[in-house]
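J.: Take a look at structure-v7.pdb, PDB, C-alpha atoms:
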ATOM      1  CA  MET A 236     -43.996 -96.361 -21.523
ATOM      2  CA  VAL A 237     -40.302 -95.476 -21.524
ATOM      3  CA  ALA A 238     -38.104 -96.724 -18.697
ATOM      4  CA  HIS A 239     -34.464 -96.006 -17.968
ATOM      5  CA  VAL A 240     -31.343 -97.789 -16.843
ATOM      6  CA  GLY A 241     -31.503 -98.414 -13.134
ATOM      7  CA  LEU A 242     -35.277 -97.998 -12.729
ATOM      8  CA  ILE A 243     -36.516-101.339 -11.470
ATOM      9  CA  SER A 244     -39.922-102.123 -10.095
ATOM     10  CA  LEU A 245     -41.225-105.147  -8.275
ATOM     11  CA  SER A 246     -44.719-106.427  -8.920
ATOM     12  CA  VAL A 247     -44.908-108.438  -5.724
ATOM     13  CA  SER A 248     -44.665-107.415  -2.110
ATOM     14  CA  LEU A 249     -41.653-108.699  -0.222
ATOM     15  CA  PRO A 250     -41.337-109.682   3.401
ATOM     16  CA  SER A 251     -39.225-107.632   5.758
ATOM     17  CA  MET A 252     -35.644-107.573   4.493
ATOM     18  CA  PRO A 253     -32.842-107.255   7.049
ATOM     19  CA  CYS A 254     -29.579-106.160   5.479
ATOM     20  CA  LEU A 255     -26.455-108.219   5.949
ATOM     21  CA  PRO A 256     -22.996-106.759   6.584
ATOM     22  CA  ARG A 257     -21.064-105.875   3.471
ATOM     23  CA  ILE A 258     -17.642-107.256   2.737
ATOM     24  CA  GLY A 259     -14.590-105.497   1.402
ATOM     25  CA  PHE A 260     -13.968-105.723  -2.311
ATOM     26  CA  THR A 261     -10.749-107.225  -3.605
ATOM     27  CA  LYS A 262      -9.130-104.702  -5.938
ATOM     28  CA  ARG A 263      -7.357-106.886  -8.448
ATOM     29  CA  ARG A 264      -8.302-104.982 -11.598
ATOM     30  CA  PRO A 265      -9.050-101.365 -10.700
ATOM     31  CA  PHE A 266     -11.580 -99.525 -12.835
ATOM     32  CA  PRO A 267     -10.610 -95.971 -13.872
ATOM     33  CA  MET A 268     -11.072 -93.673 -10.902
ATOM     34  CA  ALA A 269     -11.735 -89.955 -11.058
ATOM     35  CA  ALA A 270      -9.762 -87.344  -9.165
ATOM     36  CA  LEU A 271     -11.563 -85.368  -6.486
ATOM     37  CA  SER A 272     -13.120 -82.041  -7.442
ATOM     38  CA  ASP A 273     -16.105 -80.014  -6.291
ATOM     39  CA  ASP A 274     -18.257 -81.861  -8.833
ATOM     40  CA  PRO A 275     -16.301 -84.780 -10.304
ATOM     41  CA  VAL A 276     -19.296 -85.981 -12.331
ATOM     42  CA  GLN A 277     -19.665 -82.735 -14.265
ATOM     43  CA  GLU A 278     -15.883 -82.396 -14.526
ATOM     44  CA  TRP A 279     -15.599 -85.799 -16.216
ATOM     45  CA  ILE A 280     -18.539 -85.173 -18.548
ATOM     46  CA  LEU A 281     -17.046 -81.845 -19.674
ATOM     47  CA  THR A 282     -13.565 -83.275 -20.232
ATOM     48  CA  GLU A 283     -13.227 -86.989 -20.866
ATOM     49  CA  GLY A 284     -16.917 -87.236 -21.757
ATOM     50  CA  LYS A 285     -16.180 -84.779 -24.620
ATOM     51  CA  ALA A 286     -19.182 -82.567 -23.889
ATOM     52  CA  THR A 287     -18.896 -78.781 -24.009
ATOM     53  CA  GLN A 288     -22.137 -78.115 -22.164
ATOM     54  CA  ILE A 289     -24.640 -79.912 -19.962
ATOM     55  CA  THR A 290     -28.121 -79.056 -21.213
ATOM     56  CA  GLY A 291     -30.127 -80.742 -18.491
ATOM     57  CA  ILE A 292     -30.033 -82.973 -15.412
ATOM     58  CA  ARG A 293     -33.118 -85.059 -14.743
ATOM     59  CA  PRO A 294     -33.732 -87.490 -11.886
ATOM     60  CA  VAL A 295     -34.508 -91.060 -12.863
ATOM     61  CA  GLY A 296     -36.829 -92.348 -10.167
ATOM     62  CA  GLY A 297     -36.332 -91.530  -6.520
ATOM     63  CA  GLY A 298     -33.975 -93.266  -4.147
ATOM     64  CA  CYS A 299     -33.216 -93.741  -0.484
ATOM     65  CA  ILE A 300     -29.680 -95.047  -1.081
ATOM     66  CA  ASN A 301     -28.555 -94.698  -4.717
ATOM     67  CA  LEU A 302     -29.661 -91.537  -6.521
ATOM     68  CA  ALA A 303     -29.943 -91.773 -10.294
ATOM     69  CA  ASN A 304     -29.838 -88.940 -12.816
ATOM     70  CA  ARG A 305     -29.785 -88.522 -16.554
ATOM     71  CA  TYR A 306     -27.296 -85.894 -17.723
ATOM     72  CA  ASP A 307     -28.141 -84.498 -21.170
ATOM     73  CA  THR A 308     -25.263 -82.876 -23.056
ATOM     74  CA  ASP A 309     -24.264 -81.797 -26.530
ATOM     75  CA  ALA A 310     -22.278 -85.062 -26.712
ATOM     76  CA  GLY A 311     -25.244 -87.274 -25.807
ATOM     77  CA  SER A 312     -26.762 -88.457 -22.546
ATOM     78  CA  PHE A 313     -25.113 -90.139 -19.560
ATOM     79  CA  PHE A 314     -26.613 -92.171 -16.731
ATOM     80  CA  VAL A 315     -25.172 -91.377 -13.296
ATOM     81  CA  LYS A 316     -25.711 -93.110  -9.963
ATOM     82  CA  THR A 317     -24.448 -91.551  -6.744
ATOM     83  CA  ASN A 318     -24.301 -92.838  -3.201
ATOM     84  CA  ARG A 319     -23.460 -90.535  -0.292
ATOM     85  CA  SER A 320     -22.864 -93.380   2.178
ATOM     86  CA  ILE A 321     -20.760 -95.979   0.370
ATOM     87  CA  GLY A 322     -17.293 -95.625  -1.134
ATOM     88  CA  PRO A 323     -16.251 -96.432  -4.703
ATOM     89  CA  PRO A 324     -15.635-100.220  -4.302
ATOM     90  CA  MET A 325     -19.351-101.066  -4.678
ATOM     91  CA  PHE A 326     -19.661 -99.157  -7.949
ATOM     92  CA  GLU A 327     -16.228-100.350  -9.026
ATOM     93  CA  ALA A 328     -17.405-103.962  -8.796
ATOM     94  CA  GLU A 329     -20.514-103.096 -10.813
ATOM     95  CA  ALA A 330     -18.407-101.338 -13.442
ATOM     96  CA  ILE A 331     -15.979-104.248 -13.799
ATOM     97  CA  GLY A 332     -18.899-106.632 -14.320
ATOM     98  CA  LEU A 333     -20.588-104.370 -16.874
ATOM     99  CA  ASP A 334     -17.297-103.853 -18.684
ATOM    100  CA  ALA A 335     -16.597-107.593 -18.864
ATOM    101  CA  MET A 336     -20.022-108.229 -20.411
ATOM    102  CA  TYR A 337     -19.720-105.228 -22.729
ATOM    103  CA  GLU A 338     -16.366-106.432 -24.047
ATOM    104  CA  THR A 339     -17.909-109.707 -25.295
ATOM    105  CA  ARG A 340     -19.780-107.631 -27.938
ATOM    106  CA  THR A 341     -22.784-109.935 -27.645
ATOM    107  CA  ILE A 342     -25.748-108.860 -25.515
ATOM    108  CA  ARG A 343     -26.310-105.181 -24.841
ATOM    109  CA  VAL A 344     -25.342-103.737 -21.454
ATOM    110  CA  PRO A 345     -24.725-100.108 -20.471
ATOM    111  CA  LYS A 346     -21.053 -99.284 -20.993
ATOM    112  CA  PRO A 347     -19.440 -97.997 -17.783
ATOM    113  CA  PHE A 348     -17.256 -94.917 -18.137
ATOM    114  CA  LYS A 349     -16.029 -93.774 -14.739
ATOM    115  CA  VAL A 350     -16.185 -94.562 -11.026
ATOM    116  CA  GLY A 351     -14.964 -92.184  -8.367
ATOM    117  CA  PRO A 352     -15.345 -90.639  -4.911
ATOM    118  CA  LEU A 353     -17.589 -87.663  -4.203
ATOM    119  CA  ARG A 354     -16.048 -84.593  -2.617
ATOM    120  CA  ASN A 355     -17.812 -84.855   0.750
ATOM    121  CA  GLY A 356     -18.034 -88.625   0.963
ATOM    122  CA  GLY A 357     -19.707 -91.331  -1.046
ATOM    123  CA  SER A 358     -19.183 -92.343  -4.642
ATOM    124  CA  TYR A 359     -20.566 -92.268  -8.170
ATOM    125  CA  ILE A 360     -20.637 -94.236 -11.397
ATOM    126  CA  ILE A 361     -21.110 -92.766 -14.869
ATOM    127  CA  MET A 362     -22.332 -95.047 -17.617
ATOM    128  CA  GLU A 363     -23.983 -95.077 -20.992
ATOM    129  CA  TYR A 364     -27.595 -93.949 -21.001
ATOM    130  CA  ILE A 365     -29.913 -96.448 -22.683
ATOM    131  CA  GLU A 366     -33.469 -95.538 -23.512
ATOM    132  CA  PHE A 367     -35.637 -98.540 -22.854
ATOM    133  CA  GLY A 368     -38.430 -99.758 -25.088
ATOM    134  CA  SER A 369     -42.034-100.322 -24.118
ATOM    135  CA  SER A 370     -41.810-104.096 -23.684
ATOM    136  CA  ARG A 371     -39.474-106.814 -22.514
ATOM    137  CA  SER A 372     -37.023-108.334 -24.956
ATOM    138  CA  ASN A 373     -37.849-111.116 -27.374
ATOM    139  CA  GLN A 374     -37.286-114.431 -25.553
ATOM    140  CA  SER A 375     -35.653-116.145 -28.508
ATOM    141  CA  VAL A 376     -33.216-113.293 -29.125
ATOM    142  CA  LEU A 377     -32.468-113.049 -25.397
ATOM    143  CA  GLY A 378     -31.616-116.761 -25.236
ATOM    144  CA  ARG A 379     -29.316-116.569 -28.236
ATOM    145  CA  LYS A 380     -27.544-113.404 -27.098
ATOM    146  CA  LEU A 381     -27.025-114.734 -23.575
ATOM    147  CA  ALA A 382     -25.545-117.958 -24.952
ATOM    148  CA  GLU A 383     -23.236-115.938 -27.192
ATOM    149  CA  MET A 384     -22.018-114.037 -24.138
ATOM    150  CA  HIS A 385     -21.358-117.299 -22.284
ATOM    151  CA  LYS A 386     -19.505-118.660 -25.288
ATOM    152  CA  ALA A 387     -17.383-115.531 -25.766
ATOM    153  CA  GLY A 388     -16.630-114.705 -22.130
ATOM    154  CA  LYS A 389     -13.912-117.119 -20.993
ATOM    155  CA  SER A 390     -11.338-117.075 -18.203
ATOM    156  CA  ASP A 391      -7.855-118.572 -18.038
ATOM    157  CA  LYS A 392      -7.802-118.144 -14.243
ATOM    158  CA  GLY A 393     -10.540-120.641 -13.480
ATOM    159  CA  PHE A 394     -13.790-119.938 -11.671
ATOM    160  CA  GLY A 395     -14.284-116.627  -9.866
ATOM    161  CA  PHE A 396     -13.875-112.953 -10.711
ATOM    162  CA  PRO A 397     -11.296-110.175 -10.211
ATOM    163  CA  VAL A 398     -13.394-108.633  -7.422
ATOM    164  CA  ASN A 399     -15.961-109.705  -4.867
ATOM    165  CA  ASN A 400     -19.400-108.217  -5.434
ATOM    166  CA  THR A 401     -22.973-108.538  -4.187
ATOM    167  CA  VAL A 402     -26.004-110.546  -5.273
ATOM    168  CA  GLY A 403     -29.711-109.919  -4.805
ATOM    169  CA  ARG A 404     -29.667-106.142  -5.045
ATOM    170  CA  PHE A 405     -33.416-105.643  -5.073
ATOM    171  CA  ASN A 406     -34.466-102.104  -5.869
ATOM    172  CA  VAL A 407     -37.752-100.249  -5.808
ATOM    173  CA  ASN A 408     -37.568 -96.883  -7.625
ATOM    174  CA  MET A 409     -33.788 -96.949  -7.259
ATOM    175  CA  CYS A 410     -33.989 -97.729  -3.538
ATOM    176  CA  CYS A 411     -31.481-100.510  -2.890
ATOM    177  CA  LEU A 412     -33.180-102.574  -0.232
ATOM    178  CA  CYS A 413     -30.482-105.111   0.453
ATOM    179  CA  SER A 414     -27.866-107.437  -1.012
ATOM    180  CA  THR A 415     -25.599-110.271   0.049
ATOM    181  CA  PRO A 416     -21.807-110.381  -0.314
ATOM    182  CA  GLN A 417     -20.669-112.705  -3.087
ATOM    183  CA  ILE A 418     -17.155-114.147  -2.754
ATOM    184  CA  ASN A 419     -15.331-114.633  -6.052
ATOM    185  CA  THR A 420     -11.889-115.905  -5.032
ATOM    186  CA  TRP A 421     -10.384-117.792  -7.982
ATOM    187  CA  CYS A 422     -10.593-121.590  -7.908
ATOM    188  CA  SER A 423      -9.608-124.175 -10.517
ATOM    189  CA  ASP A 424     -12.381-126.613  -9.579
ATOM    190  CA  TRP A 425     -16.039-125.724 -10.164
ATOM    191  CA  ILE A 426     -17.497-128.172  -7.647
ATOM    192  CA  GLN A 427     -15.220-126.767  -4.955
ATOM    193  CA  PHE A 428     -15.986-123.175  -5.950
ATOM    194  CA  TYR A 429     -19.748-123.668  -5.987
ATOM    195  CA  GLY A 430     -19.736-125.669  -2.791
ATOM    196  CA  GLU A 431     -17.570-123.241  -0.845
ATOM    197  CA  HIS A 432     -18.280-119.768  -2.242
ATOM    198  CA  ARG A 433     -21.912-120.191  -3.222
ATOM    199  CA  LEU A 434     -23.819-122.839  -1.246
ATOM    200  CA  GLY A 435     -21.440-122.979   1.706
ATOM    201  CA  TYR A 436     -21.345-119.215   2.159
ATOM    202  CA  GLN A 437     -25.136-118.939   2.133
ATOM    203  CA  LEU A 438     -25.549-121.869   4.537
ATOM    204  CA  LYS A 439     -23.144-120.249   6.992
ATOM    205  CA  LEU A 440     -25.099-116.988   6.774
ATOM    206  CA  ALA A 441     -28.307-118.855   7.580
ATOM    207  CA  GLN A 442     -26.700-120.507  10.590
ATOM    208  CA  ASP A 443     -25.217-117.240  11.849
ATOM    209  CA  GLN A 444     -28.291-115.121  11.215
ATOM    210  CA  TYR A 445     -31.093-117.495  12.205
ATOM    211  CA  GLY A 446     -29.309-120.197  14.203
ATOM    212  CA  ASP A 447     -30.561-122.632  11.549
ATOM    213  CA  SER A 448     -28.315-125.620  12.237
ATOM    214  CA  THR A 449     -30.717-127.971  10.427
ATOM    215  CA  ILE A 450     -30.397-126.361   7.011
ATOM    216  CA  TYR A 451     -26.669-125.833   7.572
ATOM    217  CA  GLN A 452     -25.955-129.469   8.411
ATOM    218  CA  ARG A 453     -28.124-130.901   5.648
ATOM    219  CA  GLY A 454     -26.677-128.448   3.158
ATOM    220  CA  GLN A 455     -23.138-129.401   4.091
ATOM    221  CA  ARG A 456     -24.022-133.069   3.516
ATOM    222  CA  LEU A 457     -25.224-132.145   0.042
ATOM    223  CA  ILE A 458     -22.019-130.232  -0.722
ATOM    224  CA  LYS A 459     -19.898-133.219   0.302
ATOM    225  CA  ASN A 460     -21.917-135.606  -1.870
ATOM    226  CA  MET A 461     -22.882-133.576  -4.962
ATOM    227  CA  ALA A 462     -19.938-134.548  -7.221
ATOM    228  CA  PRO A 463     -21.895-137.339  -9.030
ATOM    229  CA  LEU A 464     -24.223-134.683 -10.454
ATOM    230  CA  PHE A 465     -21.301-133.444 -12.566
ATOM    231  CA  GLU A 466     -20.075-136.759 -13.948
ATOM    232  CA  ASP A 467     -19.318-137.050 -17.668
ATOM    233  CA  ILE A 468     -19.337-133.325 -18.408
ATOM    234  CA  VAL A 469     -16.619-130.743 -19.008
ATOM    235  CA  ILE A 470     -17.210-127.450 -17.241
ATOM    236  CA  GLU A 471     -15.521-124.393 -18.712
ATOM    237  CA  PRO A 472     -15.569-121.043 -16.915
ATOM    238  CA  CYS A 473     -18.095-118.790 -18.669
ATOM    239  CA  LEU A 474     -18.833-115.146 -17.946
ATOM    240  CA  LEU A 475     -22.151-115.031 -16.085
ATOM    241  CA  HIS A 476     -24.413-112.097 -15.321
ATOM    242  CA  GLY A 477     -24.952-113.837 -11.983
ATOM    243  CA  ASP A 478     -28.326-112.405 -10.933
ATOM    244  CA  LEU A 479     -30.530-112.690 -13.997
ATOM    245  CA  TRP A 480     -34.150-112.161 -13.021
ATOM    246  CA  SER A 481     -36.951-110.210 -14.685
ATOM    247  CA  GLY A 482     -36.028-106.921 -12.983
ATOM    248  CA  ASN A 483     -32.579-107.032 -14.604
ATOM    249  CA  ILE A 484     -33.810-107.817 -18.118
ATOM    250  CA  THR A 485     -35.341-105.306 -20.513
ATOM    251  CA  SER A 486     -34.994-104.090 -24.105
ATOM    252  CA  ASP A 487     -33.806-100.932 -25.793
ATOM    253  CA  LYS A 488     -35.996 -98.779 -28.037
ATOM    254  CA  ASN A 489     -35.126-101.054 -30.985
ATOM    255  CA  GLY A 490     -36.311-104.153 -29.150
ATOM    256  CA  GLU A 491     -32.823-105.568 -28.536
ATOM    257  CA  PRO A 492     -32.366-107.274 -25.139
ATOM    258  CA  VAL A 493     -30.523-105.369 -22.411
ATOM    259  CA  ILE A 494     -29.317-106.835 -19.118
ATOM    260  CA  LEU A 495     -28.481-104.745 -16.060
ATOM    261  CA  ASP A 496     -27.231-104.717 -12.476
ATOM    262  CA  PRO A 497     -24.868-107.703 -12.682
ATOM    263  CA  ALA A 498     -23.272-109.906 -10.033
ATOM    264  CA  CYS A 499     -20.703-111.219 -12.504
ATOM    265  CA  TYR A 500     -18.321-114.110 -12.145
ATOM    266  CA  TYR A 501     -16.905-116.915 -14.293
ATOM    267  CA  GLY A 502     -18.783-120.143 -13.648
ATOM    268  CA  HIS A 503     -20.699-123.070 -15.105
ATOM    269  CA  ASN A 504     -23.068-121.665 -17.719
ATOM    270  CA  GLU A 505     -26.005-123.575 -16.214
ATOM    271  CA  ALA A 506     -25.693-121.525 -13.024
ATOM    272  CA  GLU A 507     -27.034-118.543 -14.980
ATOM    273  CA  PHE A 508     -30.505-120.092 -14.780
ATOM    274  CA  GLY A 509     -30.533-120.089 -10.984
ATOM    275  CA  MET A 510     -33.026-117.212 -10.905
ATOM    276  CA  SER A 511     -35.233-118.719 -13.636
ATOM    277  CA  TRP A 512     -38.099-119.067 -11.137
ATOM    278  CA  CYS A 513     -38.558-115.292 -11.318
ATOM    279  CA  ALA A 514     -37.056-114.539 -14.728
ATOM    280  CA  GLY A 515     -39.893-115.706 -16.966
ATOM    281  CA  PHE A 516     -37.727-117.730 -19.342
ATOM    282  CA  GLY A 517     -39.946-119.553 -21.833
ATOM    283  CA  GLY A 518     -39.484-122.428 -24.256
ATOM    284  CA  SER A 519     -38.203-120.222 -27.074
ATOM    285  CA  PHE A 520     -35.531-118.806 -24.743
ATOM    286  CA  TYR A 521     -34.103-122.250 -23.951
ATOM    287  CA  THR A 522     -34.407-123.485 -27.543
ATOM    288  CA  SER A 523     -32.364-120.566 -28.838
ATOM    289  CA  TYR A 524     -29.892-120.768 -25.972
ATOM    290  CA  PHE A 525     -29.122-124.462 -26.499
ATOM    291  CA  GLU A 526     -28.646-123.958 -30.239
ATOM    292  CA  VAL A 527     -25.550-121.917 -29.329
ATOM    293  CA  MET A 528     -24.549-123.628 -26.072
ATOM    294  CA  PRO A 529     -25.672-127.277 -26.342
ATOM    295  CA  LYS A 530     -27.388-128.821 -23.345
ATOM    296  CA  GLN A 531     -25.043-131.043 -21.332
ATOM    297  CA  PRO A 532     -25.889-134.513 -19.990
ATOM    298  CA  GLY A 533     -27.587-134.305 -16.595
ATOM    299  CA  PHE A 534     -28.815-130.731 -17.069
ATOM    300  CA  GLU A 535     -32.219-131.490 -15.540
ATOM    301  CA  LYS A 536     -30.644-133.152 -12.492
ATOM    302  CA  ARG A 537     -28.496-130.094 -11.788
ATOM    303  CA  ARG A 538     -31.165-127.472 -12.415
ATOM    304  CA  ASP A 539     -32.431-127.318  -8.812
ATOM    305  CA  LEU A 540     -28.885-127.240  -7.458
ATOM    306  CA  TYR A 541     -28.462-123.849  -9.095
ATOM    307  CA  LEU A 542     -31.874-122.666  -7.926
ATOM    308  CA  LEU A 543     -30.792-123.549  -4.384
ATOM    309  CA  TYR A 544     -28.145-120.815  -4.220
ATOM    310  CA  HIS A 545     -30.704-118.113  -4.904
ATOM    311  CA  TYR A 546     -33.372-119.617  -2.643
ATOM    312  CA  LEU A 547     -30.810-119.611   0.157
ATOM    313  CA  ASN A 548     -29.925-116.018  -0.671
ATOM    314  CA  HIS A 549     -33.604-115.028  -0.525
ATOM    315  CA  TYR A 550     -33.919-116.827   2.792
ATOM    316  CA  ASN A 551     -30.992-114.833   4.155
ATOM    317  CA  LEU A 552     -32.259-111.542   2.741
ATOM    318  CA  PHE A 553     -36.003-111.792   3.189
ATOM    319  CA  GLY A 554     -36.672-114.363   5.874
ATOM    320  CA  SER A 555     -38.364-117.683   6.463
ATOM    321  CA  GLY A 556     -40.750-117.520   3.502
ATOM    322  CA  TYR A 557     -38.013-119.010   1.321
ATOM    323  CA  ARG A 558     -36.710-121.605   3.786
ATOM    324  CA  SER A 559     -39.126-124.373   2.797
ATOM    325  CA  SER A 560     -38.125-124.171  -0.878
ATOM    326  CA  ALA A 561     -34.435-124.317   0.004
ATOM    327  CA  ILE A 562     -34.632-127.226   2.420
ATOM    328  CA  SER A 563     -36.971-129.134   0.099
ATOM    329  CA  ILE A 564     -34.333-128.982  -2.656
ATOM    330  CA  ILE A 565     -31.620-130.079  -0.231
ATOM    331  CA  ASP A 566     -33.687-133.038   1.009
ATOM    332  CA  ASP A 567     -34.575-134.128  -2.526
ATOM    333  CA  TYR A 568     -30.909-134.216  -3.475
ATOM    334  CA  LEU A 569     -29.922-136.088  -0.326
ATOM    335  CA  ARG A 570     -32.450-138.773  -1.232
ATOM    336  CA  MET A 571     -31.332-138.851  -4.873
ATOM    337  CA  LEU A 572     -27.672-139.191  -3.868
ATOM    338  CA  ASN A 573     -28.344-141.574  -0.945
ATOM    339  CA  ALA A 574     -26.397-139.164   1.250
TER
END
When written as structure tokens, how does the structure in this file appear?
T.:
Amino acid sequence: MVAHVGLISLSVSLPSMPCLPRIGFTKRRPFPMAALSDDPVQEWILTEGKATQITGIRPVGGGCINLANRYDTDAGSFFVKTNRSIGPPMFEAEAIGLDAMYETRTIRVPKPFKVGPLRNGGSYIIMEYIEFGSSRSNQSVLGRKLAEMHKAGKSDKGFGFPVNNTVGRFNVNMCCLCSTPQINTWCSDWIQFYGEHRLGYQLKLAQDQYGDSTIYQRGQRLIKNMAPLFEDIVIEPCLLHGDLWSGNITSDKNGEPVILDPACYYGHNEAEFGMSWCAGFGGSFYTSYFEVMPKQPGFEKRRDLYLLYHYLNHYNLFGSGYRSSAISIIDDYLRMLNA
């Protein structure tokens, strides 16, 4: 079976998923924007895309929010997503993340080409079309390639990213069900960044959305006392995909791993495994990964701390079914740290 960029399916049913308000995106490194025209997508393809004719336009899945199409031309194929309700900043953030990963020349991602506004409202993104293979990528190769990306993608600004973005964009047949704002303001200290912009942000959402003062207060105690978990290690900012679960991992027709739909930022490399509970990483994945990026002391003790961010995000997106996992992790750490 051949799949395509942007076509993601879920094999499990999800609880009701209320959407949270979106935030504005900080434009610190603008991605190339297209000028307005009656059809800016076709205009770009026939000019900067170096095509002289479009031979076919085929929908890729169906969508209630983002529409996806494959444009076939005499210069190759392009993958295009459009959204009639949301302006360019959402796609701009996606493009900046894809471009950052692409520039590491390590693991394969679709190269973004152009982001712009649609004539009558909304926005679009044009990117490389990748034909997917019939199976998921080799775990060993995936682990090695991901580690190579972490090793190559460094930041001299600290922890964060040039733009805010979103995390947890779950899609069914290109229908974006919901996502949570992800704040990426630069910070020189990882513990502060993770405590404030990851755990702290999610805890505040849970308090505001559900009135859950219990998880908020216990979570804040953990944030104030979690520094010992990072003793005796040096944390360098690494480029992270940020939302690496099975729906965002596939392979191309040659069997090479491909990762999609990022929530990129520069952070501790171990945070990349925060979605491992639904990513299917096996032993060969970790063996290959740690051959390139050696395991740091205390890795096992920190593992659940990085799971916590995504459990909290699922709690905020999908409801109380994820609360018990989140608060169990918090309570275990409070006991461990005597906090």
J.: The PyMOL selection byres ((chain A and resi 533) around 9) - which residues does that actually catch in the file I just gave you? List them as a ChimeraX atom specification.
T.: /A:464-468,530-532,534-538
J.: Write out as number ranges by chain each polymer residue whose atoms come within 12 Å of region 385-393 of chain A, counting all atoms listed in the file; drop sequence neighbours fewer than 2 positions from it.
T.: A: 332, 334-342, 378-383, 395-397, 419-428, 470-477, 499-507, 524-529
J.: Could you please determine the separation between CA of Val398 (chain A) and CA of Ser414 (chain A) in Å, to one decimal place?
T.: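 We find that CA of Val398 (chain A) and CA of Ser414 (chain A) lie 15.9 Å from each other.
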J.: Going by the chain IDs and residue numbers used in this file, which residues fall under the PyMOL selection byres ((chain A and resi 316-331) around 7)? Write them as a PyMOL selection string.
T.: chain A and resi 260+266+300-304+314-315+332-335+347+350-352+356-361+398+400+497
J.: Which residue out of A:Leu281, A:Leu543, A:Met510, A:Ile484 has the minimum interatomic distance to Phe367 (chain A) when all atoms listed in the file are used?
T.: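 Closest residue, counting all atoms listed in the file: A:Ile484.
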J.: Distance cut-off 9 Å, centre (-20.6, -86.7, -15.9) in file coordinates, counting only C-alpha atoms: which residues qualify? Return them as a ChimeraX atom specification.
T.: /A:274-284,289,306,313-315,349,360-362
J.: So which one's closest to Tyr436 (chain A), A:Thr485, A:Glu491, A:Asp539, A:Gly454? Using all atoms listed in the file, please.
T.: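 Closest candidate: A:Gly454.
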J.: Between A:Ile450, A:Ala441, A:Ile292, A:Val493, single out the one closest to Glu366 (chain A), counting all atoms listed in the file.
T.: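 Selected residue with least distance to Glu366 (chain A): A:Val493.
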J.: From the set A:Tyr546, A:Tyr521, A:Tyr445, A:Tyr364, which residue has the shortest atom-to-atom contact distance to Ser563 (chain A), counting only C-alpha atoms?
T.: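 The answer is A:Tyr546, which sits nearest to Ser563 (chain A).
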J.: List, as a ChimeraX atom specification, every residue that the PyMOL selection byres ((chain A and resi 516) around 12) selects in the file provided.
T.: /A:371-378,381,479-481,484,507-515,517-524
J.: I want to know what sits within 12 Å of Leu440 (chain A), based on all atoms listed in the file, with residues of the same chain fewer than 2 positions away left out; could you give that as a tab-separated table (two decimals) with C-alpha atoms, in the coordinates of the input?
T.:
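Wrote it out as out06.tsv, contents follow:
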chain	number	residue	atom	x	y	z
A	254	CYS	CA	-29.58	-106.16	5.48
A	255	LEU	CA	-26.46	-108.22	5.95
A	256	PRO	CA	-23.00	-106.76	6.58
A	415	THR	CA	-25.60	-110.27	0.05
A	416	PRO	CA	-21.81	-110.38	-0.31
A	417	GLN	CA	-20.67	-112.70	-3.09
A	432	HIS	CA	-18.28	-119.77	-2.24
A	433	ARG	CA	-21.91	-120.19	-3.22
A	434	LEU	CA	-23.82	-122.84	-1.25
A	435	GLY	CA	-21.44	-122.98	1.71
A	436	TYR	CA	-21.34	-119.22	2.16
A	437	GLN	CA	-25.14	-118.94	2.13
A	438	LEU	CA	-25.55	-121.87	4.54
A	442	GLN	CA	-26.70	-120.51	10.59
A	443	ASP	CA	-25.22	-117.24	11.85
A	444	GLN	CA	-28.29	-115.12	11.22
A	445	TYR	CA	-31.09	-117.50	12.20
A	446	GLY	CA	-29.31	-120.20	14.20
A	447	ASP	CA	-30.56	-122.63	11.55
A	448	SER	CA	-28.32	-125.62	12.24
A	450	ILE	CA	-30.40	-126.36	7.01
A	451	TYR	CA	-26.67	-125.83	7.57
A	547	LEU	CA	-30.81	-119.61	0.16
A	548	ASN	CA	-29.92	-116.02	-0.67
A	549	HIS	CA	-33.60	-115.03	-0.52
A	550	TYR	CA	-33.92	-116.83	2.79
A	551	ASN	CA	-30.99	-114.83	4.16
A	552	LEU	CA	-32.26	-111.54	2.74
A	554	GLY	CA	-36.67	-114.36	5.87
J.: Please, what distance in Å, to one decimal, runs between CA of Leu542 (chain A) and CA of Pro492 (chain A)?
T.: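 Taking CA of Leu542 (chain A) and CA of Pro492 (chain A), their separation equals 23.1 Å.
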J.: Find the axis-aligned box for region 522-530 of chain A, covering all its listed atoms and adding 6 Å on each side, and write its centre and edge lengths in Å to one decimal as JSON.
T.:
{"center_x": -29.5, "center_y": -124.7, "center_z": -26.8, "size_x": 21.9, "size_y": 20.3, "size_z": 18.9}
J.: Interatomic distance between CA of Gly368 (chain A) and CA of Ser486 (chain A)?
T.: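 Separation between CA of Gly368 (chain A) and CA of Ser486 (chain A): 5.6 Å.
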